[in-house]
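Source file: final_8.cif. Holds: mmCIF, C-alpha atoms.
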```cif
data_run
loop_
_atom_site.label_atom_id
_atom_site.label_comp_id
_atom_site.auth_asym_id
_atom_site.auth_seq_id
_atom_site.Cartn_x
_atom_site.Cartn_y
_atom_site.Cartn_z
CA MET A 67 0.00 0.00 0.00
CA THR A 68 1.36 3.40 -0.92
CA HIS A 69 0.68 6.54 1.05
CA HIS A 70 0.59 9.86 -0.72
CA HIS A 71 1.94 12.11 2.02
CA ASP A 72 2.92 14.62 -0.62
CA GLU A 73 -0.75 15.09 -1.36
CA ASP A 74 -1.80 16.19 2.09
CA ASN A 75 -4.94 18.25 1.73
CA GLY A 76 -4.12 20.57 4.59
CA ASP A 77 -5.71 18.86 7.55
CA GLY A 78 -3.07 16.18 8.01
CA ILE A 79 -5.09 13.50 6.27
CA SER A 80 -3.62 12.11 3.10
CA ARG A 81 -5.85 12.26 0.07
CA ARG A 82 -6.02 8.51 -0.05
CA HIS A 83 -7.65 8.44 3.35
CA ALA A 84 -9.76 11.49 2.76
CA LEU A 85 -11.21 9.89 -0.37
CA GLU A 86 -14.55 8.68 0.79
CA CYS A 87 -17.56 7.90 -1.24
CA MET A 88 -20.77 8.41 0.65
CA ILE A 89 -23.67 6.67 -0.88
CA TRP A 90 -27.15 7.34 0.31
CA ALA A 91 -29.04 4.35 -0.99
CA GLY A 92 -32.68 4.35 -1.96
CA THR A 93 -33.74 3.37 1.52
CA GLY A 94 -32.06 6.42 3.01
CA VAL A 95 -29.10 4.55 4.48
CA LEU A 96 -25.84 6.40 4.14
CA TRP A 97 -22.70 4.48 3.36
CA THR A 98 -19.14 5.58 3.50
CA ILE A 99 -16.39 3.57 1.90
CA SER A 100 -12.90 3.87 3.28
CA GLY A 101 -10.04 1.63 2.28
CA GLY A 102 -12.46 -0.55 0.34
CA VAL A 103 -14.66 -1.42 3.31
CA PRO A 104 -18.23 -0.11 3.17
CA VAL A 105 -19.40 1.19 6.54
CA SER A 106 -22.91 2.26 7.34
CA LEU A 107 -23.01 5.67 8.97
CA ASN A 108 -25.37 7.00 11.60
CA LEU A 109 -27.24 10.29 11.50
CA LEU A 110 -24.05 12.22 12.10
CA GLY A 111 -22.84 10.87 8.78
CA ALA A 112 -26.04 11.99 7.14
CA ALA A 113 -25.46 15.47 8.51
CA GLN A 114 -21.94 15.45 7.07
CA ALA A 115 -23.35 14.46 3.73
CA ALA A 116 -25.90 17.23 3.96
CA GLU A 117 -23.12 19.70 4.63
CA ALA A 118 -21.21 18.44 1.61
CA MET A 119 -24.35 18.94 -0.43
CA SER A 120 -24.65 22.54 0.67
CA THR A 121 -21.03 23.56 0.17
CA GLY A 122 -19.85 21.50 -2.79
CA PHE A 123 -20.73 21.61 -6.43
CA THR A 124 -23.20 18.99 -7.54
CA PHE A 125 -23.82 17.23 -10.82
CA LEU A 126 -26.45 14.70 -11.60
CA GLN A 127 -26.20 11.34 -13.37
CA ILE A 128 -29.08 9.91 -15.33
CA SER A 129 -28.81 6.65 -17.25
CA ASP A 130 -30.52 4.08 -19.43
CA SER A 131 -33.67 6.04 -20.25
CA HIS A 132 -34.42 3.60 -23.13
CA ILE A 133 -36.96 5.89 -24.78
CA GLY A 134 -39.10 3.67 -26.99
CA PHE A 135 -39.10 0.70 -24.62
CA ASP A 136 -42.70 -0.42 -24.09
CA LYS A 137 -42.46 -4.04 -22.94
CA ALA A 138 -43.90 -5.64 -19.80
CA ALA A 139 -41.06 -4.52 -17.51
CA ASN A 140 -42.22 -0.91 -18.06
CA PRO A 141 -44.72 -0.10 -20.82
CA HIS A 142 -44.21 3.63 -20.17
CA ALA A 143 -40.45 4.30 -20.12
CA ILE A 144 -41.16 7.79 -21.43
CA ASP A 145 -43.29 8.57 -18.37
CA THR A 146 -40.71 7.39 -15.85
CA LEU A 147 -38.09 9.59 -17.56
CA LYS A 148 -40.48 12.52 -17.23
CA GLU A 149 -40.92 11.70 -13.53
CA ALA A 150 -37.14 11.53 -13.04
CA MET A 151 -36.64 14.90 -14.75
CA GLY A 152 -39.47 16.36 -12.67
CA LYS A 153 -37.68 15.29 -9.49
CA ILE A 154 -34.40 16.77 -10.73
CA GLN A 155 -36.07 20.09 -11.51
CA ALA A 156 -37.61 20.13 -8.04
CA LEU A 157 -34.26 19.71 -6.25
CA PRO A 158 -33.69 22.54 -3.78
CA GLN A 159 -30.03 22.75 -4.83
CA LYS A 160 -29.73 22.77 -8.61
CA PRO A 161 -27.01 20.56 -10.06
CA ALA A 162 -24.33 22.39 -12.07
CA PHE A 163 -25.00 20.07 -15.01
CA MET A 164 -26.09 16.54 -15.86
CA ILE A 165 -24.41 13.52 -17.38
CA HIS A 166 -26.28 10.78 -19.23
CA THR A 167 -24.42 7.46 -19.23
CA GLY A 168 -26.07 6.02 -22.32
CA ASP A 169 -28.96 4.05 -23.73
CA ILE A 170 -30.81 7.31 -24.19
CA THR A 171 -33.06 5.48 -26.65
CA HIS A 172 -34.08 1.86 -27.01
CA LEU A 173 -33.65 1.52 -30.79
CA SER A 174 -31.86 4.71 -32.00
CA LYS A 175 -34.98 5.85 -33.90
CA PRO A 176 -35.21 9.59 -34.71
CA ALA A 177 -38.50 9.96 -32.80
CA GLN A 178 -36.94 8.31 -29.75
CA PHE A 179 -33.95 10.70 -29.84
CA ASP A 180 -36.40 13.59 -30.31
CA ASN A 181 -38.53 12.58 -27.32
CA ALA A 182 -35.49 12.10 -25.10
CA ALA A 183 -34.04 15.48 -26.12
CA GLN A 184 -37.34 17.19 -25.46
CA ILE A 185 -37.84 15.64 -22.00
CA ILE A 186 -34.23 15.87 -20.81
CA GLY A 187 -33.48 19.18 -22.53
CA GLY A 188 -36.70 20.65 -21.18
CA ALA A 189 -35.17 20.85 -17.70
CA GLY A 190 -32.66 23.43 -18.93
CA PHE A 191 -29.43 21.81 -17.69
CA ASP A 192 -26.28 21.29 -19.71
CA VAL A 193 -26.16 17.55 -20.37
CA HIS A 194 -22.99 15.64 -21.24
CA TYR A 195 -23.80 12.36 -22.99
CA VAL A 196 -22.04 9.12 -23.81
CA PRO A 197 -23.74 6.53 -26.02
CA GLY A 198 -24.96 3.11 -24.96
CA GLU A 199 -25.15 0.25 -27.45
CA HIS A 200 -28.85 1.01 -27.94
CA ASP A 201 -27.96 4.48 -29.25
CA LEU A 202 -25.83 3.23 -32.15
CA ILE A 203 -28.20 0.82 -33.94
CA ASP A 204 -29.55 3.18 -36.58
CA ASP A 205 -28.90 2.22 -40.21
CA GLY A 206 -25.78 4.40 -40.15
CA ASN A 207 -24.26 2.44 -37.22
CA GLY A 208 -24.11 5.41 -34.89
CA GLN A 209 -24.40 8.33 -37.31
CA ALA A 210 -27.72 9.37 -35.73
CA TYR A 211 -26.09 9.67 -32.29
CA LEU A 212 -23.03 11.54 -33.55
CA GLU A 213 -25.14 14.01 -35.52
CA ARG A 214 -26.96 14.93 -32.33
CA TYR A 215 -24.32 14.58 -29.63
CA GLY A 216 -20.98 14.25 -31.41
CA LYS A 217 -20.15 17.94 -31.80
CA GLY A 218 -16.71 18.63 -30.36
CA THR A 219 -16.04 14.96 -29.62
CA LYS A 220 -13.39 12.61 -30.98
CA GLY A 221 -13.78 9.20 -32.64
CA ALA A 222 -17.00 7.47 -31.67
CA GLY A 223 -17.93 10.36 -29.36
CA TRP A 224 -15.36 10.57 -26.54
CA TYR A 225 -14.26 13.87 -24.99
CA SER A 226 -13.18 15.57 -21.77
CA PHE A 227 -13.96 18.82 -20.01
CA ASP A 228 -13.11 20.64 -16.79
CA GLN A 229 -15.56 22.01 -14.29
CA ASN A 230 -14.94 23.47 -10.82
CA GLY A 231 -11.45 21.99 -10.67
CA VAL A 232 -12.58 18.49 -11.62
CA HIS A 233 -11.46 16.82 -14.86
CA PHE A 234 -14.30 14.90 -16.51
CA VAL A 235 -13.60 12.21 -19.11
CA ALA A 236 -16.43 10.78 -21.24
CA LEU A 237 -15.50 7.43 -22.78
CA VAL A 238 -17.27 5.25 -25.37
CA ASN A 239 -17.03 1.49 -24.80
CA VAL A 240 -19.89 0.25 -26.99
CA VAL A 241 -18.36 0.25 -30.49
CA ASN A 242 -16.34 -2.37 -32.40
CA LEU A 243 -17.34 -5.07 -29.95
CA LYS A 244 -15.50 -8.34 -30.56
CA ALA A 245 -16.95 -11.87 -30.63
CA GLY A 246 -16.88 -13.32 -27.13
CA GLY A 247 -15.74 -10.00 -25.70
CA LEU A 248 -17.06 -7.35 -23.33
CA GLY A 249 -17.20 -3.58 -23.66
CA ASN A 250 -14.36 -2.14 -25.73
CA LEU A 251 -12.47 1.17 -25.63
CA GLY A 252 -9.99 0.45 -28.42
CA ALA A 253 -6.42 1.55 -29.09
CA GLU A 254 -7.34 4.90 -30.65
CA GLN A 255 -9.38 6.00 -27.63
CA LEU A 256 -6.77 4.76 -25.14
CA ALA A 257 -4.08 6.75 -26.99
CA TRP A 258 -6.30 9.81 -26.84
CA LEU A 259 -6.90 9.26 -23.11
CA ALA A 260 -3.17 9.01 -22.40
CA ASP A 261 -2.65 12.28 -24.24
CA ASP A 262 -5.64 13.98 -22.61
CA LEU A 263 -4.47 13.14 -19.08
CA LYS A 264 -0.92 14.38 -19.68
CA ALA A 265 -1.83 17.98 -18.88
CA VAL A 266 -3.84 17.09 -15.76
CA SER A 267 -2.08 17.26 -12.38
CA ALA A 268 -2.19 14.24 -10.08
CA SER A 269 -4.03 16.25 -7.43
CA THR A 270 -6.95 17.03 -9.76
CA PRO A 271 -10.01 14.89 -9.02
CA VAL A 272 -10.94 12.91 -12.12
CA VAL A 273 -14.44 11.68 -12.94
CA VAL A 274 -14.65 9.12 -15.76
CA PHE A 275 -17.99 8.12 -17.20
CA ALA A 276 -18.94 5.52 -19.80
CA HIS A 277 -21.92 3.28 -20.48
CA ILE A 278 -20.72 -0.26 -19.72
CA PRO A 279 -19.01 -0.70 -16.33
CA LEU A 280 -15.23 -0.25 -16.47
CA TRP A 281 -14.81 -3.04 -13.93
CA ALA A 282 -15.74 -6.72 -14.19
CA VAL A 283 -19.18 -6.65 -12.54
CA TYR A 284 -20.26 -9.94 -14.16
CA PRO A 285 -18.44 -10.93 -17.36
CA GLU A 286 -20.78 -13.90 -17.86
CA TRP A 287 -23.45 -11.34 -18.77
CA GLY A 288 -21.04 -9.07 -20.58
CA TRP A 289 -20.92 -6.61 -17.69
CA GLY A 290 -17.36 -5.38 -17.97
CA THR A 291 -14.91 -3.77 -20.41
CA ASP A 292 -12.08 -5.78 -22.00
CA ASP A 293 -9.45 -3.07 -22.06
CA ALA A 294 -10.56 -1.13 -18.98
CA ALA A 295 -7.35 -2.11 -17.17
CA GLN A 296 -5.35 -0.02 -19.64
CA ALA A 297 -7.55 3.02 -19.00
CA LEU A 298 -7.33 2.52 -15.24
CA GLY A 299 -3.56 2.18 -15.54
CA LEU A 300 -3.46 5.67 -17.02
CA LEU A 301 -5.50 6.93 -14.03
CA LYS A 302 -3.29 5.37 -11.34
CA ARG A 303 -1.30 8.49 -10.56
CA PHE A 304 -4.40 10.52 -9.65
CA GLY A 305 -5.36 10.88 -6.00
CA SER A 306 -9.11 10.82 -6.60
CA VAL A 307 -10.79 8.94 -9.44
CA THR A 308 -14.52 8.30 -9.64
CA VAL A 309 -15.88 6.03 -12.38
CA LEU A 310 -19.60 6.35 -13.17
CA ASN A 311 -21.36 3.83 -15.39
CA GLY A 312 -24.82 2.61 -16.37
CA HIS A 313 -25.86 -0.40 -18.49
CA ILE A 314 -26.71 -2.79 -15.66
CA HIS A 315 -29.80 -0.89 -14.41
CA GLN A 316 -28.93 -1.26 -10.72
CA ILE A 317 -26.54 0.19 -8.19
CA MET A 318 -23.18 -1.51 -7.82
CA GLN A 319 -20.15 -0.03 -6.12
CA LYS A 320 -16.55 -0.88 -5.49
CA VAL A 321 -13.45 0.90 -4.28
CA GLU A 322 -10.05 -0.15 -5.55
CA GLY A 323 -7.11 1.96 -4.43
CA ASN A 324 -7.96 5.55 -5.22
CA VAL A 325 -10.71 4.61 -7.67
CA THR A 326 -14.36 4.55 -6.71
CA PHE A 327 -16.67 2.72 -9.11
CA HIS A 328 -20.41 3.31 -9.09
CA THR A 329 -23.24 2.33 -11.42
CA ALA A 330 -26.56 4.17 -11.59
CA ARG A 331 -30.11 2.93 -11.80
CA SER A 332 -32.05 3.16 -15.05
CA THR A 333 -35.05 5.43 -15.40
CA ALA A 334 -36.75 2.79 -17.60
CA PHE A 335 -36.63 -0.74 -16.18
CA PRO A 336 -34.66 -2.79 -13.65
CA GLN A 337 -32.40 -5.73 -14.51
CA PRO A 338 -31.70 -8.72 -12.26
CA ALA A 339 -28.75 -8.90 -9.89
CA PRO A 340 -25.82 -10.80 -11.43
CA GLY A 341 -26.51 -14.50 -11.82
CA THR A 342 -29.96 -14.38 -10.22
CA ALA A 343 -31.85 -14.94 -13.50
CA ALA A 344 -31.40 -16.90 -16.74
CA ALA A 345 -30.42 -13.73 -18.59
CA PRO A 346 -29.74 -10.04 -17.91
CA GLY A 347 -32.87 -8.82 -19.74
CA PRO A 348 -35.57 -6.48 -18.40
CA MET A 349 -36.95 -7.66 -15.04
CA THR A 350 -40.69 -7.42 -14.60
CA VAL A 351 -41.70 -6.62 -11.03
CA PRO A 352 -45.14 -5.95 -9.52
CA ALA A 353 -46.29 -2.50 -10.69
CA GLY A 354 -46.09 -1.05 -7.18
CA ARG A 355 -42.41 -1.94 -6.90
CA LEU A 356 -41.17 -0.54 -10.22
CA ARG A 357 -40.49 3.04 -9.13
CA GLY A 358 -38.50 1.84 -6.15
CA LEU A 359 -36.04 0.28 -8.61
CA LEU A 360 -35.69 3.25 -10.97
CA GLY A 361 -33.84 6.45 -10.21
CA THR A 362 -30.95 8.87 -10.62
CA SER A 363 -27.66 9.64 -8.86
CA ARG A 364 -26.48 12.98 -7.52
CA VAL A 365 -22.75 13.54 -7.05
CA THR A 366 -21.31 16.31 -4.89
CA VAL A 367 -17.69 17.41 -4.99
CA SER A 368 -16.66 19.18 -1.79
CA GLN A 369 -14.05 21.79 -2.53
CA GLY A 370 -10.79 21.23 -0.73
CA THR A 371 -11.47 17.77 0.60
CA HIS A 372 -11.91 15.95 -2.71
CA ASP A 373 -14.65 13.83 -1.22
CA LEU A 374 -17.27 12.86 -3.73
CA ALA A 375 -20.62 12.12 -2.17
CA ILE A 376 -22.98 10.05 -4.29
CA VAL A 377 -26.66 10.07 -3.40
CA ASP A 378 -28.90 7.64 -5.26
CA THR A 379 -32.57 8.51 -5.29
CA THR A 380 -35.40 6.30 -6.53
CA LEU A 381 -38.51 7.54 -8.31
CA ALA A 382 -40.53 6.20 -5.37
CA GLN A 383 -38.89 8.60 -2.94
CA ALA A 384 -40.60 11.87 -2.16
CA MET B 173 -31.08 -36.69 -30.74
CA ILE B 174 -33.79 -39.36 -30.88
CA CYS B 175 -32.95 -42.57 -32.71
CA ILE B 176 -35.73 -45.01 -33.52
CA ARG B 177 -34.92 -48.42 -34.90
CA LEU B 178 -37.41 -49.52 -37.51
CA PRO B 179 -37.71 -52.75 -39.49
CA ALA B 180 -36.00 -52.36 -42.87
CA ARG B 181 -39.25 -52.51 -44.88
CA HIS B 182 -40.74 -49.67 -42.82
CA MET B 183 -37.59 -47.64 -43.33
CA ALA B 184 -37.78 -48.20 -47.09
CA ALA B 185 -41.39 -46.99 -47.15
CA ILE B 186 -40.52 -43.89 -45.15
CA LEU B 187 -37.53 -43.11 -47.35
CA THR B 188 -39.68 -43.47 -50.47
CA ALA B 189 -42.32 -41.17 -49.04
CA PHE B 190 -39.63 -38.67 -48.06
CA SER B 191 -38.10 -38.71 -51.55
CA VAL B 192 -41.47 -38.09 -53.14
CA THR B 193 -42.11 -35.17 -50.81
CA MET B 194 -38.71 -33.69 -51.60
CA ALA B 195 -39.22 -34.06 -55.32
CA THR B 196 -42.60 -32.35 -55.39
CA SER B 197 -41.96 -29.51 -52.96
CA GLN B 198 -40.64 -26.06 -53.85
CA PRO B 199 -37.08 -25.11 -52.88
CA LEU B 200 -36.96 -24.78 -49.11
CA LEU B 201 -38.69 -21.59 -48.04
CA ALA B 202 -36.98 -19.74 -45.24
CA ALA B 203 -40.09 -19.93 -43.11
CA ASN B 204 -39.93 -23.72 -43.22
CA GLY B 205 -36.17 -23.81 -43.05
CA PRO B 206 -33.82 -24.02 -40.12
CA MET B 207 -34.29 -21.42 -37.41
CA VAL B 208 -32.04 -19.97 -34.77
CA LYS B 209 -34.03 -18.56 -31.88
CA ILE B 210 -32.58 -15.68 -29.85
CA GLU B 211 -33.90 -16.01 -26.35
CA ASN B 212 -32.56 -15.20 -22.88
CA PHE B 213 -29.45 -13.65 -24.42
CA ALA B 214 -28.52 -16.91 -26.18
CA PHE B 215 -28.68 -18.42 -29.67
CA THR B 216 -30.62 -21.70 -29.79
CA PRO B 217 -29.36 -24.04 -31.08
CA PRO B 218 -25.87 -22.66 -30.46
CA VAL B 219 -24.50 -24.84 -33.28
CA LEU B 220 -26.60 -25.57 -36.37
CA THR B 221 -25.53 -27.75 -39.31
CA VAL B 222 -27.08 -27.10 -42.73
CA LYS B 223 -26.43 -27.97 -46.37
CA PRO B 224 -25.03 -25.37 -48.79
CA GLY B 225 -27.76 -23.16 -50.20
CA THR B 226 -29.83 -23.26 -47.01
CA THR B 227 -31.47 -20.08 -45.74
CA VAL B 228 -31.30 -19.79 -41.96
CA THR B 229 -33.74 -17.53 -40.12
CA PHE B 230 -32.66 -15.82 -36.89
CA THR B 231 -35.62 -14.61 -34.78
CA ASN B 232 -35.37 -12.44 -31.68
CA ASP B 233 -37.73 -13.49 -28.89
CA ASP B 234 -36.14 -11.24 -26.23
CA ASP B 235 -37.45 -7.89 -24.95
CA ILE B 236 -34.07 -6.40 -25.89
CA PRO B 237 -32.74 -5.90 -29.44
CA HIS B 238 -29.98 -8.16 -30.73
CA LEU B 239 -27.78 -8.03 -33.82
CA VAL B 240 -26.36 -11.05 -35.65
CA VAL B 241 -22.78 -10.53 -36.91
CA ALA B 242 -20.45 -13.08 -38.51
CA ASN B 243 -16.98 -13.19 -36.94
CA ASP B 244 -15.54 -12.93 -40.46
CA ALA B 245 -17.98 -10.11 -41.32
CA SER B 246 -19.54 -12.21 -44.11
CA PHE B 247 -23.02 -11.36 -42.82
CA ARG B 248 -24.54 -8.79 -40.50
CA SER B 249 -28.19 -8.17 -39.60
CA LYS B 250 -29.75 -4.88 -38.67
CA ALA B 251 -30.74 -4.52 -35.03
CA LEU B 252 -33.55 -7.03 -34.45
CA ASP B 253 -36.26 -5.75 -32.16
CA THR B 254 -38.58 -8.15 -30.36
CA GLY B 255 -40.16 -10.49 -32.93
CA ASP B 256 -37.93 -9.34 -35.82
CA SER B 257 -36.20 -11.88 -38.04
CA TYR B 258 -33.09 -11.93 -40.21
CA GLU B 259 -32.46 -14.41 -43.02
CA PHE B 260 -29.14 -15.37 -44.52
CA THR B 261 -28.45 -17.99 -47.20
CA PHE B 262 -25.29 -20.00 -46.61
CA THR B 263 -23.88 -20.92 -50.02
CA LYS B 264 -20.32 -21.96 -49.14
CA ALA B 265 -19.29 -24.93 -47.03
CA GLY B 266 -17.47 -24.19 -43.81
CA ASP B 267 -17.90 -23.09 -40.22
CA PHE B 268 -19.43 -19.65 -39.73
CA ALA B 269 -19.07 -18.40 -36.18
CA TYR B 270 -21.22 -15.43 -35.29
CA PHE B 271 -22.04 -13.27 -32.27
CA CYS B 272 -24.42 -10.56 -31.11
CA GLY B 273 -23.02 -7.16 -32.11
CA LEU B 274 -24.65 -5.60 -29.03
CA HIS B 275 -23.93 -8.35 -26.50
CA PRO B 276 -20.79 -10.03 -27.86
CA HIS B 277 -20.71 -12.67 -25.13
CA MET B 278 -23.63 -14.24 -27.08
CA GLN B 279 -22.08 -16.57 -29.67
CA GLY B 280 -23.23 -19.24 -32.12
CA LYS B 281 -22.03 -21.20 -35.14
CA ILE B 282 -23.52 -22.35 -38.43
CA THR B 283 -21.74 -25.33 -39.96
CA VAL B 284 -22.37 -25.64 -43.70
CA ALA B 285 -21.57 -29.12 -45.00
CA PRO B 286 -22.74 -31.03 -48.09
#
```
The structure given in the file should be rewritten as C-alpha cells.
Amino acid sequence: MTHHHDEDNGDGISRRHALECMIWAGTGVLWTISGGVPVSLNLLGAAQAAEAMSTGFTFLQISDSHIGFDKAANPHAIDTLKEAMGKIQALPQKPAFMIHTGDITHLSKPAQFDNAAQIIGGAGFDVHYVPGEHDLIDDGNGQAYLERYGKGTKGAGWYSFDQNGVHFVALVNVVNLKAGGLGNLGAEQLAWLADDLKAVSASTPVVVFAHIPLWAVYPEWGWGTDDAAQALGLLKRFGSVTVLNGHIHQIMQKVEGNVTFHTARSTAFPQPAPGTAAAPGPMTVPAGRLRGLLGTSRVTVSQGTHDLAIVDTTLAQA
Amino acid sequence: MICIRLPARHMAAILTAFSVTMATSQPLLAANGPMVKIENFAFTPPVLTVKPGTTVTFTNDDDIPHLVVANDASFRSKALDTGDSYEFTFTKAGDFAYFCGLHPHMQGKITVAP
C-alpha cells in the first residue's frame, strides 16, 4: 500500500484516506467507503453528507432512459423519464450540469432521440452524454447519435472537459465489440486518453464516465470492459478517481485503491442482480415496486477535501 | 437426438415417401427452413448444421434488441427488435461463427456441409 503524504490536503489527512464515497441508498441509508470497506453511517454521517451537499458543487447522473421501450417490464419508459426529470427540476439545490451514461433510446430511432431530447433538454441543464449500445443501432451504425451529440467529440464520441477543478472524461465502450468480448475502448481512444491526461495534475479529481461498467461486474453477462485495465492504468497516478457507469440498471459499487466505481439505476426498467436470472434482460416486477427500482444519482464534490458524495434517489422517494 | 430403430421394410417406405415429398416440394422456403431462436441472451441451437444453399432464419424473442454478426464479417443483420427476423443464405461450405453485435458474449455457429 502506498501513502501519498505529498498530497496532504491541509488537515493532516492524506488524500487517499480522505477519499470517501458516501452513498445514500434508496432506503435512506448512508454508506461511507474507506479503504475498500463499506461502513454504514449514523445520522451524524447523514449530517456530514448534507453539509457536503450545501457547500460542494453537484452534478447529476441519469442513465438508461431507453426511450421507446414499451415491454412488460415498463410499458411507459417515457413517463418514468419525465418523472425523473421532474424530481431533478424540483431539487432545492440545482445541479451544475447533468451527465447521461447512455442508452438514451431503445432503438436509435429519430423519434426516440427527439422525445429524449425534449424531455431531458426541457429541464434546462447542460447535459454531457455518452452513447450506450442502444444508441448506435440506426442504419448508419451510430451516425444518428453523432449528428446529435458528437459535436466537439473525438472518434465514436469521446471527450473531456473541466468544471470546478474536476477533470471529466467521457469514454465510449460500446463500439467495435468483438466476438466473445465485453465492452471495448480500443487503441485509438486509449491513446487519446493518455494524451488527454498528460496535462492534468495528479491532485486534480478525475471523474470518468462511460456506459458499460469499467470493472468486471459480471463478465458472464457481458458486464465489464475488455481493455478497462489499460484506461485505469493511465489513471493510477491521480489521487481521486470516480468512475460512473450505467448499463446494468442497478446500483453496484466498489473501491479499488484511489478509484471509486459506481453504477446508476435506469429510469426505464430494472435488470436482475448478477446470476440471479437466466439472462440479464428487463426484469418485470409488480407495478407497485417498479419506481422503487428506478432512479438517478447525484454527485457532490466538496471543494478542498476531494470527497465525492454520491446520493442515489429512486422515483418512489418523495 | 432421438434414434428409432425400424424394421427395414418400414424404413424403405418412409424413405420413399420422403423422396417423393422432396421431389414435389418447392425449394426450401426460409419460413420452413432451419431457425435460430434468440432467447434469454442466447442463440438456440448454439450450433446448427445445414447444407449449402440453405437459408437460416434468426428470430429475436427477447425484450431487448440483438444483432447477428459473422466473426468474419460475411453477414450482419440490422438490429432485431422483439419479434424481428433476419435471413441469410449459406452458399459456401465451412464453419461460420457469429455473435451478437450488441452483446458479444452471445455466440453461435452455423456449420455448412454437403
*Got a sec: who's within 10 Å of range 347-357 of chain A, counting all atoms listed in the file, leaving out chain neighbours fewer than 5 positions off, as an MDAnalysis selection string?*
(chainID A and resid 137:140 146 149:150 287 314:315 333:339 380:383) or (chainID B and resid 211:213 234:236)
*Can you check which residues of chain A have any atom within 9 Å of chain B? Use only C-alpha atoms and format it as a count of residues only.*
30
*Could you expand the PyMOL selection byres ((chain A and resi 281) around 10) into the explicit residues it covers here, written as a VMD selection string?*
chain A and resid 278 to 280 282 to 285 289 to 295 298 309 311 319 to 320 327 to 328
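Shell of Gly188 in chain A at 10 Å, with all atoms listed in the file counted and residues fewer than 5 places along the chain excluded, is Lys148, Met151, Gly152, Gln155, Ala182 and Ala183 of chain A.
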Given the file shown, determine the residues that the PyMOL selection byres ((chain A and resi 195) around 8) selects; report them as a PDB file with C-alpha atoms, keeping the file's coordinate frame.
```
ATOM      1  CA  ILE A 165     -24.410  13.520 -17.380  1.00  0.00           C
ATOM      2  CA  HIS A 166     -26.280  10.780 -19.230  1.00  0.00           C
ATOM      3  CA  THR A 167     -24.420   7.460 -19.230  1.00  0.00           C
ATOM      4  CA  GLY A 168     -26.070   6.020 -22.320  1.00  0.00           C
ATOM      5  CA  VAL A 193     -26.160  17.550 -20.370  1.00  0.00           C
ATOM      6  CA  HIS A 194     -22.990  15.640 -21.240  1.00  0.00           C
ATOM      7  CA  VAL A 196     -22.040   9.120 -23.810  1.00  0.00           C
ATOM      8  CA  PRO A 197     -23.740   6.530 -26.020  1.00  0.00           C
ATOM      9  CA  TYR A 215     -24.320  14.580 -29.630  1.00  0.00           C
ATOM     10  CA  ALA A 236     -16.430  10.780 -21.240  1.00  0.00           C
TER      11      ALA A 236
END
```
*Would you mind reading off the distance between CA of Thr231 in chain B and CA of Thr283 in chain B, one decimal, in Å?*
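According to the coordinates, CA of Thr231 in chain B and CA of Thr283 in chain B are separated by 18.3 Å.
The interatomic distance for the pair CA of Pro158 in chain A and CA of Thr379 in chain A works out to 14.2 Å.
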_CA of Phe230 in chain B to CA of Ser257 in chain B, straight-line distance in Å_ =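 The value is 5.4 Å.
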*Using all atoms listed in the file, which residue out of A:His233, A:His277, A:Lys302, A:Lys217 lies closest to Ser332 in chain A?*
A:His277
*Counting all atoms listed in the file, figure out which residue out of B:Pro218, B:Ser249, B:Ile210, B:Lys223 gets nearest to Lys264 in chain B.*
B:Lys223
Export: range 258-269 of chain B, N, CA and C atoms, as a tab-separated table (two decimals), in the first residue's frame:
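The result, written out as selection-v2.tsv:
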```tsv
chain	number	residue	atom	x	y	z
B	258	TYR	N	-34.13	-12.19	-39.20
B	258	TYR	CA	-33.09	-11.93	-40.21
B	258	TYR	C	-32.79	-13.24	-40.91
B	259	GLU	N	-32.73	-13.19	-42.24
B	259	GLU	CA	-32.46	-14.41	-43.02
B	259	GLU	C	-31.13	-14.27	-43.73
B	260	PHE	N	-30.38	-15.36	-43.74
B	260	PHE	CA	-29.14	-15.37	-44.52
B	260	PHE	C	-29.01	-16.74	-45.17
B	261	THR	N	-28.63	-16.74	-46.46
B	261	THR	CA	-28.45	-17.99	-47.20
B	261	THR	C	-26.98	-18.36	-47.23
B	262	PHE	N	-26.67	-19.53	-46.69
B	262	PHE	CA	-25.29	-20.00	-46.61
B	262	PHE	C	-24.97	-20.82	-47.86
B	263	THR	N	-24.16	-20.26	-48.74
B	263	THR	CA	-23.88	-20.92	-50.02
B	263	THR	C	-22.59	-21.74	-49.95
B	264	LYS	N	-21.62	-21.28	-49.19
B	264	LYS	CA	-20.32	-21.96	-49.14
B	264	LYS	C	-20.24	-22.90	-47.95
B	265	ALA	N	-19.52	-24.00	-48.14
B	265	ALA	CA	-19.29	-24.93	-47.03
B	265	ALA	C	-18.28	-24.31	-46.06
B	266	GLY	N	-18.43	-24.68	-44.81
B	266	GLY	CA	-17.47	-24.19	-43.81
B	266	GLY	C	-18.16	-23.91	-42.48
B	267	ASP	N	-17.37	-23.47	-41.53
B	267	ASP	CA	-17.90	-23.09	-40.22
B	267	ASP	C	-18.03	-21.57	-40.16
B	268	PHE	N	-19.21	-21.09	-39.80
B	268	PHE	CA	-19.43	-19.65	-39.73
B	268	PHE	C	-19.82	-19.28	-38.30
B	269	ALA	N	-18.82	-18.85	-37.55
B	269	ALA	CA	-19.07	-18.40	-36.18
B	269	ALA	C	-19.68	-17.01	-36.23
```
